[in-house]
Amino acid sequence: MTNAIENCTFEDIESRNLRILERYSETCDYVSDIQSWADLNKDALGFLPSKVYEEYVRLENFFILISDRDGIKEYVGHLMFRCSFPKAHIIQIFIKPSYRKIGLAKRLVDHLKCFLTKQNFISIYARVANDLVESNNFWELQNFYVQNIVNGGKTRKRKIHTRVNELDSPQLFPNSGLTQSNPLGIQVSQKHQQPLFLIDLNVLFDVGPRRARHKEMAGLFQAERLNFCKLAISDEIRNELKRNSDKGKTDPMSSYASLFITFPLGDDEESKSLVNELAPIIFPEKHHAGKLNSNDISDIKHVATCIHKNLAGFITNDGAILNSSEKIKRKYGIEILSPSAFLLDEESIADDAVFLDHEGETLEISKIESDQTGDAHSLLSQLGANQENFLNGWLSSGNDNNAIVQYGIYSAQKLIGYVSWNKRQDLGISFIRAAVDESYDVSYSAARLILNQVISHHSTNITKLSLELLKNQSVLRELAIASGFYKSADSHNLNKICLGQIVVEGNWGAVKELLENSTNLRLPAHMPRMADELIPIFTPDGNQKYVSLETLETSLSPAIFCLPGRGALLTPVQKKFSEHLIGNTRQGSLLPSESVSIFQERHYISTYKNVEKFVSGNLILFYETSKKNGSAAVIAIARVRNAYLKSIIDINKTDLQPSVFNQENISILGNTQLKTITVFDNLLPFEKTVPLEVLKEIGCGSPIDLITTNRLTDRQLQEILKRAF
């Protein structure tokens, strides 16, 4: 909860030489001041334990304002925040009473806005109790609008205003000649690739439900699942787990570890040199006394591997390594973090969507005819649309011969969302207009439904989308960018290309020609191999750029590039589940009854034994079984984003909402405690299903093969794709 009240006497800023500190080496001396003043203002700031302040200062998620006059430094105030790209949350802001009424809280907020804008963040959130009148007035003046109002704690029975500021970030990608017809003119900025962290063995063991740090570890893996980061282990950890597992028995921890990317601890000259440099930094006393043990050397090697492999950093609970984090970051540019750095509060993750037709919450999407636009006009006016918007095509006038397609999203028969587009495309571009009333708890679901409707409708042909939003539409903005939209230098709109195809060797030439003709994006003459790390593309100016397969598919989503050599799995799904988990994404008319249908990224939940099979970037081919009139055929393909193990007692609605399961029916998956949750996206149904007879012909259609998830050989994958086309 935030507070920024400025209500005391005016002081001369210049005479006090006020400045804002960001670096841990400067801010670490003020932790006790922060906690003392925060504890004195619990009513506005809430209560946080000391270790939270220490961790956020060490993570440099604090701006501390000090007065430095005549060599005497005095704490003046602070701003505490949390970043999870593309949005940030302000946790606390405070100014000492004697320094209020001179604009210092605004100075801190402006500093954060500038800091985040440079990193292309989209929005900043602040939660303010409704009874803090002056605080709410302050946030209003800083252009933080009220997105919604929720209930606070049961004791005080407050209402909490969730306020949002939309940052004026110039564009998602660096300026490099991006145009509306060329969204793949550059490679995604490394700054916003998912950071890859190495984790140590003790952190891995903390996933156990009875471990003291279980909650922190769960938060870390939740952060990975939400695509804030990626995790890796060393080969030393994997080998250690194998050595200590019982022969002939499946060890859940070994299976769990197999999920992660693995890096070898280097023994080359560069690695040895790094170990020698790091030893006196991490363990100065032991190093000088010559008392480094094998565990110390292992820890140093892990940090050295992060530096050598250019990883984002190392996650550990070891105090000595954490204490050296600032020096390591300054010298080598990597982060040393504890798992608690990744803890996410529940309000940021738990209520983003609801089960449709569950718990009394339903959403309905229906077409709005040109003579039935009264409610839509009222909603859009309420959300800030003006006469210019209406004249420029935001709403059908009734005299435009139905040139605009319009849909409304309803909750309890109340219109809370709107989307429209022109039936006729101009220069191959479909102009979309969308808005959601963010004051509703189901606004995230409504926004997902809108984007799903837009992408589904425009995925039958290669189409360029240009999405126009009203002001104060942070929810739609965030979800659109996560779905592959980007902001170009020459437009305020968010733009995207929808390919909507499964690309195989047989249609590579046709797809290449279509992309070039409709978007000026040129692919290489021949389909690349999976072994190629980057794919060359050619921009309209003739320059050659290189992008990863992941970037290419996400930017053109929904799209699947079935490169030769790409890993693939055949996995079973019953008809009663496939109807909702898979459906038919190319038919975007009415919302199916389950919430999974509104998610671009969905969850497939299965036995813990599958965690080793679902590798990030691999393909999933869904086989609908014959049970209860199922088709006994391969019906769809998708891309694996990641997979993780989770105890059935820890599986919550965040895991279940993008799946076909709930707390009542998940028990049908068996009695084992651990389940594999596989996150997948870019789901595309086959236009021509591949029947069981074909699977038998190519050696993957036996009864044993089809009741479990199994890897496909490249020959089998290509044969299935050939039959599907």
# chains A, B, ... in the order shown; residues from 1 in each chain; ligands from 1

call {"tool": "residues_around", "arguments": {"residues": "Leu669 of chain A", "least_positions_apart": "2", "cutoff": "8 Å", "atoms": "only C-alpha atoms", "output": "list in words"}}
result
Ser606, Thr607, Ile666, Ser667 and Asn671 of chain A

call {"tool": "select_by_dssp", "arguments": {"residues": "segment 314-529 of chain A", "states": "strand (DSSP E)", "output": "tab-separated table (two decimals) with all heavy atoms, in the first residue's frame"}}
result
chain	number	residue	atom	x	y	z
A	314	PHE	N	23.04	-15.88	-10.79
A	314	PHE	CA	23.06	-17.09	-9.97
A	314	PHE	C	22.07	-16.92	-8.83
A	314	PHE	O	22.04	-15.88	-8.17
A	314	PHE	CB	24.47	-17.32	-9.44
A	314	PHE	CG	24.67	-18.60	-8.66
A	314	PHE	CD1	24.18	-19.80	-9.13
A	314	PHE	CD2	25.36	-18.60	-7.45
A	314	PHE	CE1	24.37	-20.99	-8.43
A	314	PHE	CE2	25.56	-19.77	-6.74
A	314	PHE	CZ	25.07	-20.97	-7.23
A	315	ILE	N	21.24	-17.94	-8.60
A	315	ILE	CA	20.25	-17.90	-7.52
A	315	ILE	C	20.70	-18.85	-6.42
A	315	ILE	O	20.88	-20.05	-6.65
A	315	ILE	CB	18.85	-18.27	-8.03
A	315	ILE	CG1	18.42	-17.29	-9.13
A	315	ILE	CG2	17.83	-18.27	-6.89
A	315	ILE	CD1	17.12	-17.68	-9.81
A	335	GLU	N	23.75	-10.86	-11.88
A	335	GLU	CA	23.01	-10.72	-10.62
A	335	GLU	C	23.25	-11.95	-9.74
A	335	GLU	O	23.28	-13.08	-10.23
A	335	GLU	CB	21.51	-10.60	-10.88
A	335	GLU	CG	21.12	-9.41	-11.72
A	335	GLU	CD	20.96	-8.14	-10.90
A	335	GLU	OE1	21.22	-8.20	-9.67
A	335	GLU	OE2	20.56	-7.12	-11.47
A	336	ILE	N	23.40	-11.73	-8.44
A	336	ILE	CA	23.38	-12.81	-7.45
A	336	ILE	C	22.14	-12.58	-6.60
A	336	ILE	O	22.03	-11.57	-5.89
A	336	ILE	CB	24.64	-12.81	-6.55
A	336	ILE	CG1	25.90	-12.83	-7.42
A	336	ILE	CG2	24.60	-13.99	-5.60
A	336	ILE	CD1	26.09	-14.09	-8.22
A	337	LEU	N	21.17	-13.49	-6.66
A	337	LEU	CA	19.87	-13.29	-6.03
A	337	LEU	C	19.51	-14.47	-5.16
A	337	LEU	O	19.97	-15.59	-5.37
A	337	LEU	CB	18.79	-13.11	-7.11
A	337	LEU	CG	19.00	-12.01	-8.15
A	337	LEU	CD1	17.93	-12.12	-9.22
A	337	LEU	CD2	18.96	-10.65	-7.50
A	364	GLU	N	-19.63	-13.57	-21.72
A	364	GLU	CA	-20.28	-13.91	-22.99
A	364	GLU	C	-19.83	-12.91	-24.03
A	364	GLU	O	-19.70	-11.72	-23.76
A	364	GLU	CB	-21.80	-13.85	-22.84
A	364	GLU	CG	-22.54	-14.19	-24.14
A	364	GLU	CD	-24.04	-14.01	-24.00
A	364	GLU	OE1	-24.49	-13.71	-22.88
A	364	GLU	OE2	-24.74	-14.16	-25.02
A	365	ILE	N	-19.56	-13.40	-25.23
A	365	ILE	CA	-19.22	-12.50	-26.34
A	365	ILE	C	-20.30	-12.63	-27.39
A	365	ILE	O	-20.72	-13.74	-27.74
A	365	ILE	CB	-17.83	-12.82	-26.92
A	365	ILE	CG1	-17.48	-11.82	-28.01
A	365	ILE	CG2	-17.72	-14.24	-27.43
A	365	ILE	CD1	-16.03	-11.87	-28.44
A	366	SER	N	-20.77	-11.51	-27.89
A	366	SER	CA	-21.82	-11.57	-28.92
A	366	SER	C	-21.67	-10.38	-29.86
A	366	SER	O	-21.13	-9.32	-29.49
A	366	SER	CB	-23.22	-11.58	-28.29
A	366	SER	OG	-23.43	-10.41	-27.55
A	367	LYS	N	-22.15	-10.57	-31.06
A	367	LYS	CA	-22.03	-9.56	-32.09
A	367	LYS	C	-22.99	-8.40	-31.81
A	367	LYS	O	-24.12	-8.61	-31.36
A	367	LYS	CB	-22.32	-10.18	-33.45
A	367	LYS	CG	-21.76	-9.42	-34.62
A	367	LYS	CD	-21.83	-10.27	-35.88
A	367	LYS	CE	-21.18	-9.54	-37.04
A	367	LYS	NZ	-21.22	-10.38	-38.27
A	404	ILE	N	-18.43	-2.24	-40.42
A	404	ILE	CA	-17.66	-2.50	-39.21
A	404	ILE	C	-18.21	-3.74	-38.51
A	404	ILE	O	-19.42	-3.87	-38.30
A	404	ILE	CB	-17.71	-1.29	-38.25
A	404	ILE	CG1	-17.09	-0.06	-38.92
A	404	ILE	CG2	-16.99	-1.59	-36.94
A	404	ILE	CD1	-17.19	1.20	-38.07
A	405	VAL	N	-17.32	-4.66	-38.14
A	405	VAL	CA	-17.69	-5.81	-37.32
A	405	VAL	C	-17.51	-5.43	-35.86
A	405	VAL	O	-16.45	-4.93	-35.48
A	405	VAL	CB	-16.80	-7.03	-37.65
A	405	VAL	CG1	-17.17	-8.21	-36.76
A	405	VAL	CG2	-16.94	-7.40	-39.12
A	406	GLN	N	-18.52	-5.63	-35.03
A	406	GLN	CA	-18.47	-5.19	-33.64
A	406	GLN	C	-18.87	-6.34	-32.71
A	406	GLN	O	-19.83	-7.05	-32.99
A	406	GLN	CB	-19.44	-4.02	-33.40
A	406	GLN	CG	-19.20	-2.82	-34.29
A	406	GLN	CD	-20.30	-1.79	-34.13
A	406	GLN	OE1	-20.09	-0.71	-33.62
A	406	GLN	NE2	-21.48	-2.13	-34.59
A	407	TYR	N	-18.11	-6.51	-31.62
A	407	TYR	CA	-18.44	-7.50	-30.61
A	407	TYR	C	-18.45	-6.84	-29.24
A	407	TYR	O	-17.64	-5.94	-28.95
A	407	TYR	CB	-17.42	-8.64	-30.60
A	407	TYR	CG	-17.56	-9.60	-31.75
A	407	TYR	CD1	-16.83	-9.42	-32.92
A	407	TYR	CD2	-18.43	-10.69	-31.67
A	407	TYR	CE1	-16.95	-10.30	-33.98
A	407	TYR	CE2	-18.56	-11.58	-32.74
A	407	TYR	CZ	-17.82	-11.37	-33.89
A	407	TYR	OH	-17.95	-12.25	-34.94
A	408	GLY	N	-19.36	-7.32	-28.40
A	408	GLY	CA	-19.40	-6.88	-27.01
A	408	GLY	C	-19.09	-8.04	-26.08
A	408	GLY	O	-19.42	-9.19	-26.38
A	409	ILE	N	-18.42	-7.73	-24.98
A	409	ILE	CA	-18.13	-8.74	-23.95
A	409	ILE	C	-18.97	-8.38	-22.74
A	409	ILE	O	-18.91	-7.25	-22.24
A	409	ILE	CB	-16.63	-8.78	-23.59
A	409	ILE	CG1	-15.83	-9.39	-24.75
A	409	ILE	CG2	-16.41	-9.67	-22.38
A	409	ILE	CD1	-15.54	-8.46	-25.87
A	410	TYR	N	-19.76	-9.36	-22.29
A	410	TYR	CA	-20.74	-9.12	-21.23
A	410	TYR	C	-20.42	-9.96	-20.00
A	410	TYR	O	-20.06	-11.13	-20.10
A	410	TYR	CB	-22.14	-9.46	-21.72
A	410	TYR	CG	-22.61	-8.62	-22.89
A	410	TYR	CD1	-22.25	-8.97	-24.19
A	410	TYR	CD2	-23.40	-7.49	-22.69
A	410	TYR	CE1	-22.67	-8.20	-25.27
A	410	TYR	CE2	-23.82	-6.72	-23.76
A	410	TYR	CZ	-23.45	-7.08	-25.05
A	410	TYR	OH	-23.86	-6.31	-26.11
A	411	SER	N	-20.57	-9.35	-18.83
A	411	SER	CA	-20.48	-10.05	-17.56
A	411	SER	C	-21.78	-9.79	-16.81
A	411	SER	O	-22.12	-8.62	-16.55
A	411	SER	CB	-19.29	-9.54	-16.74
A	411	SER	OG	-19.26	-10.15	-15.47
A	414	LYS	N	-23.97	-7.31	-18.36
A	414	LYS	CA	-23.50	-5.94	-18.37
A	414	LYS	C	-22.34	-5.84	-19.36
A	414	LYS	O	-21.38	-6.60	-19.30
A	414	LYS	CB	-23.02	-5.54	-16.97
A	414	LYS	CG	-22.33	-4.18	-16.88
A	414	LYS	CD	-23.32	-3.05	-16.99
A	414	LYS	CE	-22.62	-1.71	-16.75
A	414	LYS	NZ	-23.55	-0.57	-16.92
A	415	LEU	N	-22.42	-4.89	-20.30
A	415	LEU	CA	-21.36	-4.71	-21.29
A	415	LEU	C	-20.11	-4.14	-20.61
A	415	LEU	O	-20.15	-3.04	-20.05
A	415	LEU	CB	-21.82	-3.77	-22.40
A	415	LEU	CG	-20.82	-3.54	-23.54
A	415	LEU	CD1	-20.64	-4.82	-24.34
A	415	LEU	CD2	-21.28	-2.39	-24.44
A	416	ILE	N	-18.99	-4.89	-20.66
A	416	ILE	CA	-17.76	-4.43	-20.01
A	416	ILE	C	-16.58	-4.36	-20.98
A	416	ILE	O	-15.50	-3.90	-20.61
A	416	ILE	CB	-17.37	-5.34	-18.83
A	416	ILE	CG1	-16.98	-6.74	-19.32
A	416	ILE	CG2	-18.48	-5.40	-17.80
A	416	ILE	CD1	-16.31	-7.56	-18.24
A	417	GLY	N	-16.79	-4.81	-22.23
A	417	GLY	CA	-15.71	-4.76	-23.20
A	417	GLY	C	-16.24	-4.62	-24.60
A	417	GLY	O	-17.40	-4.97	-24.90
A	418	TYR	N	-15.40	-4.09	-25.49
A	418	TYR	CA	-15.84	-3.83	-26.86
A	418	TYR	C	-14.66	-4.00	-27.80
A	418	TYR	O	-13.52	-3.64	-27.48
A	418	TYR	CB	-16.38	-2.40	-26.97
A	418	TYR	CG	-16.67	-1.93	-28.38
A	418	TYR	CD1	-17.89	-2.21	-28.99
A	418	TYR	CD2	-15.72	-1.21	-29.10
A	418	TYR	CE1	-18.16	-1.79	-30.29
A	418	TYR	CE2	-15.98	-0.78	-30.40
A	418	TYR	CZ	-17.20	-1.07	-30.99
A	418	TYR	OH	-17.46	-0.65	-32.27
A	419	VAL	N	-14.91	-4.57	-28.98
A	419	VAL	CA	-13.88	-4.67	-30.01
A	419	VAL	C	-14.55	-4.56	-31.38
A	419	VAL	O	-15.67	-5.06	-31.58
A	419	VAL	CB	-13.08	-5.99	-29.90
A	419	VAL	CG1	-13.97	-7.21	-30.07
A	419	VAL	CG2	-11.93	-6.02	-30.89
A	420	SER	N	-13.88	-3.89	-32.31
A	420	SER	CA	-14.43	-3.77	-33.66
A	420	SER	C	-13.29	-3.73	-34.67
A	420	SER	O	-12.14	-3.44	-34.33
A	420	SER	CB	-15.27	-2.49	-33.78
A	420	SER	OG	-14.44	-1.34	-33.72
A	421	TRP	N	-13.60	-4.06	-35.91
A	421	TRP	CA	-12.65	-3.89	-37.00
A	421	TRP	C	-13.42	-3.72	-38.30
A	421	TRP	O	-14.59	-4.08	-38.41
A	421	TRP	CB	-11.69	-5.08	-37.12
A	421	TRP	CG	-12.33	-6.42	-37.28
A	421	TRP	CD1	-12.78	-6.99	-38.43
A	421	TRP	CD2	-12.61	-7.37	-36.24
A	421	TRP	NE1	-13.32	-8.23	-38.18
A	421	TRP	CE2	-13.20	-8.50	-36.85
A	421	TRP	CE3	-12.37	-7.40	-34.86
A	421	TRP	CZ2	-13.60	-9.62	-36.12
A	421	TRP	CZ3	-12.75	-8.51	-34.14
A	421	TRP	CH2	-13.35	-9.60	-34.77
A	422	ASN	N	-12.76	-3.12	-39.29
A	422	ASN	CA	-13.39	-2.90	-40.58
A	422	ASN	C	-13.44	-4.20	-41.37
A	422	ASN	O	-12.48	-4.96	-41.38
A	422	ASN	CB	-12.60	-1.85	-41.39
A	422	ASN	CG	-12.63	-0.49	-40.73
A	422	ASN	OD1	-13.38	-0.28	-39.78
A	422	ASN	ND2	-11.82	0.42	-41.23
A	429	ILE	N	-4.09	-4.17	-44.25
A	429	ILE	CA	-4.04	-3.94	-42.80
A	429	ILE	C	-5.46	-3.96	-42.24
A	429	ILE	O	-6.36	-3.32	-42.77
A	429	ILE	CB	-3.38	-2.59	-42.47
A	429	ILE	CG1	-1.97	-2.52	-43.06
A	429	ILE	CG2	-3.33	-2.37	-40.96
A	429	ILE	CD1	-1.35	-1.15	-42.98
A	430	SER	N	-5.65	-4.69	-41.15
A	430	SER	CA	-6.93	-4.68	-40.46
A	430	SER	C	-6.80	-3.79	-39.24
A	430	SER	O	-5.97	-4.03	-38.36
A	430	SER	CB	-7.32	-6.10	-40.04
A	430	SER	OG	-8.59	-6.09	-39.42
A	431	PHE	N	-7.60	-2.73	-39.17
A	431	PHE	CA	-7.54	-1.78	-38.06
A	431	PHE	C	-8.54	-2.21	-36.98
A	431	PHE	O	-9.74	-2.31	-37.22
A	431	PHE	CB	-7.83	-0.36	-38.54
A	431	PHE	CG	-6.75	0.19	-39.43
A	431	PHE	CD1	-6.84	0.09	-40.81
A	431	PHE	CD2	-5.62	0.76	-38.87
A	431	PHE	CE1	-5.84	0.58	-41.62
A	431	PHE	CE2	-4.60	1.26	-39.67
A	431	PHE	CZ	-4.70	1.16	-41.06
A	432	ILE	N	-8.00	-2.48	-35.80
A	432	ILE	CA	-8.80	-2.98	-34.68
A	432	ILE	C	-8.94	-1.88	-33.64
A	432	ILE	O	-7.99	-1.14	-33.35
A	432	ILE	CB	-8.10	-4.19	-34.00
A	432	ILE	CG1	-7.49	-5.13	-35.04
A	432	ILE	CG2	-9.05	-4.90	-33.06
A	432	ILE	CD1	-8.43	-5.83	-35.92
A	433	ARG	N	-10.12	-1.74	-33.04
A	433	ARG	CA	-10.34	-0.83	-31.91
A	433	ARG	C	-10.89	-1.64	-30.76
A	433	ARG	O	-11.82	-2.44	-30.95
A	433	ARG	CB	-11.32	0.30	-32.26
A	433	ARG	CG	-10.78	1.35	-33.21
A	433	ARG	CD	-11.23	1.11	-34.62
A	433	ARG	NE	-10.75	2.16	-35.51
A	433	ARG	CZ	-10.93	2.15	-36.83
A	433	ARG	NH1	-11.61	1.16	-37.39
A	433	ARG	NH2	-10.45	3.12	-37.58
A	434	ALA	N	-10.34	-1.45	-29.58
A	434	ALA	CA	-10.77	-2.27	-28.44
A	434	ALA	C	-10.68	-1.49	-27.14
A	434	ALA	O	-9.84	-0.60	-26.98
A	434	ALA	CB	-9.92	-3.54	-28.34
A	435	ALA	N	-11.55	-1.84	-26.20
A	435	ALA	CA	-11.54	-1.21	-24.88
A	435	ALA	C	-12.20	-2.15	-23.88
A	435	ALA	O	-13.09	-2.94	-24.24
A	435	ALA	CB	-12.29	0.13	-24.91
A	436	VAL	N	-11.75	-2.07	-22.63
A	436	VAL	CA	-12.29	-2.87	-21.53
A	436	VAL	C	-12.47	-1.98	-20.32
A	436	VAL	O	-11.62	-1.13	-20.03
A	436	VAL	CB	-11.36	-4.05	-21.18
A	436	VAL	CG1	-11.78	-4.72	-19.88
A	436	VAL	CG2	-11.34	-5.08	-22.28
A	463	THR	N	-2.25	-11.68	-42.24
A	463	THR	CA	-2.89	-10.39	-42.03
A	463	THR	C	-2.04	-9.51	-41.13
A	463	THR	O	-1.47	-9.98	-40.16
A	463	THR	CB	-4.28	-10.57	-41.36
A	463	THR	OG1	-5.03	-11.54	-42.07
A	463	THR	CG2	-5.04	-9.26	-41.34
A	464	LYS	N	-1.97	-8.23	-41.48
A	464	LYS	CA	-1.34	-7.25	-40.61
A	464	LYS	C	-2.43	-6.61	-39.74
A	464	LYS	O	-3.45	-6.16	-40.25
A	464	LYS	CB	-0.62	-6.17	-41.43
A	464	LYS	CG	0.62	-6.68	-42.15
A	464	LYS	CD	1.31	-5.59	-42.94
A	464	LYS	CE	0.50	-5.19	-44.15
A	464	LYS	NZ	1.23	-4.23	-45.01
A	465	LEU	N	-2.19	-6.60	-38.43
A	465	LEU	CA	-3.15	-6.01	-37.49
A	465	LEU	C	-2.59	-4.72	-36.92
A	465	LEU	O	-1.41	-4.64	-36.59
A	465	LEU	CB	-3.44	-6.98	-36.34
A	465	LEU	CG	-3.89	-8.40	-36.70
A	465	LEU	CD1	-4.16	-9.19	-35.43
A	465	LEU	CD2	-5.12	-8.36	-37.59
A	466	SER	N	-3.45	-3.73	-36.80
A	466	SER	CA	-3.08	-2.47	-36.15
A	466	SER	C	-4.12	-2.19	-35.08
A	466	SER	O	-5.29	-1.92	-35.38
A	466	SER	CB	-3.03	-1.32	-37.17
A	466	SER	OG	-2.59	-0.13	-36.55
A	467	LEU	N	-3.71	-2.31	-33.82
A	467	LEU	CA	-4.63	-2.23	-32.69
A	467	LEU	C	-4.59	-0.84	-32.06
A	467	LEU	O	-3.56	-0.39	-31.58
A	467	LEU	CB	-4.24	-3.29	-31.64
A	467	LEU	CG	-5.00	-3.30	-30.32
A	467	LEU	CD1	-6.48	-3.59	-30.55
A	467	LEU	CD2	-4.40	-4.33	-29.37
A	468	GLU	N	-5.73	-0.17	-32.07
A	468	GLU	CA	-5.85	1.16	-31.46
A	468	GLU	C	-6.58	1.03	-30.12
A	468	GLU	O	-7.64	0.41	-30.04
A	468	GLU	CB	-6.63	2.10	-32.39
A	468	GLU	CG	-6.77	3.52	-31.83
A	468	GLU	CD	-7.59	4.43	-32.73
A	468	GLU	OE1	-7.93	4.00	-33.86
A	468	GLU	OE2	-7.90	5.56	-32.31
A	469	LEU	N	-6.02	1.63	-29.08
A	469	LEU	CA	-6.61	1.58	-27.75
A	469	LEU	C	-6.90	2.99	-27.26
A	469	LEU	O	-6.22	3.95	-27.64
A	469	LEU	CB	-5.65	0.90	-26.76
A	469	LEU	CG	-5.22	-0.53	-27.10
A	469	LEU	CD1	-4.20	-1.03	-26.07
A	469	LEU	CD2	-6.41	-1.47	-27.15
A	486	TYR	N	3.56	-5.30	-31.11
A	486	TYR	CA	4.67	-4.43	-30.79
A	486	TYR	C	4.28	-3.00	-31.15
A	486	TYR	O	3.34	-2.75	-31.90
A	486	TYR	CB	5.94	-4.83	-31.56
A	486	TYR	CG	5.85	-4.53	-33.04
A	486	TYR	CD1	6.40	-3.37	-33.57
A	486	TYR	CD2	5.17	-5.38	-33.89
A	486	TYR	CE1	6.29	-3.07	-34.91
A	486	TYR	CE2	5.05	-5.10	-35.23
A	486	TYR	CZ	5.61	-3.94	-35.75
A	486	TYR	OH	5.47	-3.65	-37.07
A	487	LYS	N	5.03	-2.05	-30.62
A	487	LYS	CA	4.78	-0.63	-30.90
A	487	LYS	C	5.90	-0.11	-31.77
A	487	LYS	O	7.06	-0.14	-31.40
A	487	LYS	CB	4.71	0.17	-29.60
A	487	LYS	CG	4.31	1.63	-29.79
A	487	LYS	CD	4.16	2.33	-28.45
A	487	LYS	CE	3.74	3.78	-28.63
A	487	LYS	NZ	3.64	4.48	-27.34
A	494	LEU	N	-0.57	-0.51	-31.63
A	494	LEU	CA	0.19	-1.75	-31.47
A	494	LEU	C	-0.04	-2.60	-32.72
A	494	LEU	O	-1.17	-2.71	-33.19
A	494	LEU	CB	-0.27	-2.50	-30.22
A	494	LEU	CG	-0.01	-1.80	-28.89
A	494	LEU	CD1	-0.66	-2.57	-27.75
A	494	LEU	CD2	1.47	-1.65	-28.63
A	495	ASN	N	1.03	-3.18	-33.25
A	495	ASN	CA	0.97	-3.84	-34.55
A	495	ASN	C	1.41	-5.29	-34.47
A	495	ASN	O	2.18	-5.66	-33.58
A	495	ASN	CB	1.84	-3.08	-35.55
A	495	ASN	CG	1.52	-1.60	-35.57
A	495	ASN	OD1	0.41	-1.21	-35.90
A	495	ASN	ND2	2.47	-0.78	-35.19
A	496	LYS	N	0.94	-6.09	-35.41
A	496	LYS	CA	1.26	-7.52	-35.41
A	496	LYS	C	0.94	-8.12	-36.77
A	496	LYS	O	0.08	-7.62	-37.49
A	496	LYS	CB	0.44	-8.23	-34.32
A	496	LYS	CG	0.58	-9.74	-34.32
A	496	LYS	CD	-0.22	-10.36	-33.19
A	496	LYS	CE	-0.20	-11.87	-33.30
A	496	LYS	NZ	1.15	-12.43	-33.41
A	497	ILE	N	1.69	-9.17	-37.11
A	497	ILE	CA	1.35	-9.98	-38.27
A	497	ILE	C	0.81	-11.32	-37.78
A	497	ILE	O	1.43	-11.95	-36.92
A	497	ILE	CB	2.57	-10.23	-39.18
A	497	ILE	CG1	3.04	-8.91	-39.81
A	497	ILE	CG2	2.24	-11.23	-40.28
A	497	ILE	CD1	4.27	-9.06	-40.66
A	498	CYS	N	-0.32	-11.75	-38.30
A	498	CYS	CA	-0.87	-13.08	-38.00
A	498	CYS	C	-0.61	-13.97	-39.21
A	498	CYS	O	-1.09	-13.69	-40.31
A	498	CYS	CB	-2.38	-13.00	-37.76
A	498	CYS	SG	-2.82	-12.49	-36.09
A	501	GLN	N	-0.63	-20.29	-39.71
A	501	GLN	CA	-0.36	-21.48	-40.50
A	501	GLN	C	0.66	-22.39	-39.83
A	501	GLN	O	1.48	-21.95	-39.04
A	501	GLN	CB	0.19	-21.08	-41.89
A	501	GLN	CG	-0.82	-20.39	-42.78
A	501	GLN	CD	-0.36	-20.38	-44.22
A	501	GLN	OE1	0.25	-21.33	-44.70
A	501	GLN	NE2	-0.65	-19.29	-44.92
A	502	ILE	N	0.58	-23.67	-40.22
A	502	ILE	CA	1.61	-24.64	-39.88
A	502	ILE	C	2.54	-24.71	-41.09
A	502	ILE	O	2.10	-25.04	-42.19
A	502	ILE	CB	0.99	-26.02	-39.59
A	502	ILE	CG1	-0.05	-25.90	-38.46
A	502	ILE	CG2	2.07	-27.03	-39.22
A	502	ILE	CD1	-0.94	-27.12	-38.32
A	503	VAL	N	3.79	-24.36	-40.88
A	503	VAL	CA	4.73	-24.28	-42.00
A	503	VAL	C	5.60	-25.53	-42.03
A	503	VAL	O	6.26	-25.86	-41.03
A	503	VAL	CB	5.62	-23.03	-41.88
A	503	VAL	CG1	6.51	-22.89	-43.12
A	503	VAL	CG2	4.76	-21.78	-41.71

call {"tool": "residues_around", "arguments": {"residues": "Thr305 of chain A", "least_positions_apart": "3", "cutoff": "7 Å", "atoms": "only C-alpha atoms", "output": "VMD selection string"}}
result
chain A and resid 265 to 266 301 to 302 308 to 309

call {"tool": "write_last_selection", "arguments": {"atoms": "N, CA and C atoms", "output": "short mmCIF file (atom, residue, chain, number, x, y, z; two decimals), in the first residue's frame"}}
result
data_model
loop_
_atom_site.label_atom_id
_atom_site.label_comp_id
_atom_site.auth_asym_id
_atom_site.auth_seq_id
_atom_site.Cartn_x
_atom_site.Cartn_y
_atom_site.Cartn_z
N LEU A 265 30.24 -27.10 -15.68
CA LEU A 265 31.14 -26.20 -14.94
C LEU A 265 32.50 -26.28 -15.64
N GLY A 266 32.90 -25.18 -16.25
CA GLY A 266 34.07 -25.18 -17.12
C GLY A 266 35.39 -25.48 -16.41
N LYS A 301 32.69 -21.88 -8.81
CA LYS A 301 32.60 -22.35 -10.19
C LYS A 301 31.22 -22.03 -10.79
N HIS A 302 30.19 -22.12 -9.97
CA HIS A 302 28.85 -21.79 -10.47
C HIS A 302 28.77 -20.32 -10.88
N HIS A 308 31.00 -16.79 -17.55
CA HIS A 308 31.58 -17.35 -18.77
C HIS A 308 30.52 -17.58 -19.84
N LYS A 309 29.32 -18.04 -19.44
CA LYS A 309 28.25 -18.35 -20.39
C LYS A 309 27.31 -17.17 -20.63
#

call {"tool": "atom_distance", "arguments": {"atom1": "atom CA of Leu706 of chain A", "atom2": "atom CA of Glu693 of chain A"}}
result
12.4 Å

call {"tool": "atom_distance", "arguments": {"atom1": "atom CA of Ile707 of chain A", "atom2": "atom CA of Tyr604 of chain A"}}
result
14.9 Å

call {"tool": "atom_distance", "arguments": {"atom1": "atom CA of Val128 of chain A", "atom2": "atom CA of Asn652 of chain A"}}
result
27.1 Å
